[in-house]
Amino acid sequence: MPRLILIRHGQSQWNLENRFTGWWDVDVTEKGAAEAFAAGQLLKDKGVLPTLAFTSLQTRAIKTLHLALEAMGRLWVQEDKDWRLNERHYGGLTGLDKVETAAKHGDDQVKVWRRSFDIPPPVLDKSSEFDLSADPRYAGIAVPATESLKDTIARVLPCWNEKIAPALKAGETVIVSAHGNSLRALVKHLSGISDADITGLEIPTGQPIIYELDDNLAEVERYYLSER
Ligand SMILES: O=C(O)[C@H](O)COP(=O)(O)O
């Protein structure tokens with residue numbers, strides 16, 4: 001039975017500072033690194049051992065993957081880094097404090113920017129210090145200026161269909177180390193969650209989510225490994 005492990009990166013520096021992050025590349029904190037290592041130990045203790053890994057092009061997800069694999073003695077596992085697993089691009093909100101932004105624009109507006117399905121935050125200005133168009137890791141990729149969850153799903157699902165789903169069908173146990181909103185995209189797809197309901201799903205940092213799938217990759221069961 002195909003098995004999929006999803007993990008959101010451990011606490012990042014900007015999770016700690018409560019700043020909108022998106023594609024900006026912040027590292028994990030000490031606490032985040034500990035969460036990632038503990039996740040790997042839990043996977044090892046429960047015997048849920050990945051044979052293939054996917055992650056984004058962002059340090060916090062890559063490092064989380066590596067710390068978890070290290071805890072499992074599995075740093076040798078092949079990994080594929082794909083920009084399509086990046087966090088949703090936070091546009092012009094990138095770098096701003098979430099509480100200060102709510103004080104300025106109101107809680108309702110910030111909730112729309114954070115959790116609506118298809119309303120993106122304002123675009124990021126090309127002159128912004130957070131513009132990543134010239135970052136070498138995104139060479140050849142049209143870096144978005146902002147993204148809604150819908151936009152994020154539109155690039156995560158092709159990655160799922162082209163790479164992750166075929167690997168699961170071929171018998172690999174796959175770990176995907178990614179981000180709150182790129183993982184929301186996968187959970188929405190796999191668990192058939194509606195556009196309205198997905199906005200209420202929160203994914204905690206550093207907690208492995210296990211999907212037991214049937215041969216057609218339909219969900220048999222989804223659970224947090226820490227609860228078993
Ligand atoms: O990009 C960010 O700021 C976080 O990783 C996710 O933020 P959110 O909880 O506002 O979606």
# chains A, B, ... in the order shown; residues from 1 in each chain; ligands from 1

call {"tool": "residues_around", "arguments": {"residues": "region 106-109 of chain A", "least_positions_apart": "6", "cutoff": "12 Å", "atoms": "only C-alpha atoms", "output": "list of chain:residue names"}}
result
A:Lys98, A:Val99, A:Glu100, A:Arg115, A:Ser116, A:Ile119, A:Pro120, A:Pro121, A:Pro122

call {"tool": "select_by_dssp", "arguments": {"residues": "region 17-146 of chain A", "states": "strand (DSSP E)", "output": "VMD selection string"}}
result
chain A and resid 52 to 55 78 to 81

call {"tool": "residues_near_ligand", "arguments": {"ligand": "ligand 1", "cutoff": "7 Å", "atoms": "only C-alpha atoms and all ligand atoms", "output": "short mmCIF file (atom, residue, chain, number, x, y, z; two decimals) with C-alpha atoms, in the first residue's frame"}}
result
data_model
loop_
_atom_site.label_atom_id
_atom_site.label_comp_id
_atom_site.auth_asym_id
_atom_site.auth_seq_id
_atom_site.Cartn_x
_atom_site.Cartn_y
_atom_site.Cartn_z
CA ASN A 15 7.54 32.13 12.06
CA ARG A 19 6.40 37.98 9.65
CA PHE A 20 4.89 37.12 6.26
CA THR A 21 7.50 34.92 4.61
CA GLY A 22 6.36 33.23 1.40
CA GLU A 87 5.58 28.27 -0.01
CA ARG A 88 2.81 30.42 -1.52
CA TYR A 90 3.22 36.43 -0.17
CA ARG A 114 -3.91 34.78 4.48
CA ARG A 115 -6.73 32.33 4.07
CA HIS A 179 5.41 24.54 3.53
CA GLY A 180 2.04 25.41 5.08
CA ASN A 181 0.39 26.32 1.80
#

call {"tool": "atom_distance", "arguments": {"atom1": "CA of Asn18 (chain A)", "atom2": "CA of Gly91 (chain A)"}}
result
16.0 Å

call {"tool": "closest_residue", "arguments": {"among": "A:Ser56, A:Ile193, A:Phe37, A:Leu132", "to": "Lys81 (chain A)", "atoms": "only C-alpha atoms"}}
result
A:Ser56

call {"tool": "atom_distance", "arguments": {"atom1": "CA of Ala142 (chain A)", "atom2": "CA of Arg60 (chain A)"}}
result
21.5 Å

call {"tool": "residues_around", "arguments": {"residues": "His66 (chain A)", "least_positions_apart": "6", "cutoff": "10 Å", "atoms": "only C-alpha atoms", "output": "ChimeraX atom specification"}}
result
/A:33,36-37,40,53,72,74-77,79,177

call {"tool": "residues_around", "arguments": {"residues": "Ala38 (chain A)", "least_positions_apart": "3", "cutoff": "8 Å", "atoms": "only C-alpha atoms", "output": "list in words"}}
result
Ala34, Glu35, Gln41, Leu42, Ala68 and Ala71 of chain A

call {"tool": "closest_residue", "arguments": {"among": "A:Arg84, A:Arg228, A:Lys111, A:His189", "to": "Glu162 (chain A)", "atoms": "only C-alpha atoms"}}
result
A:Arg84
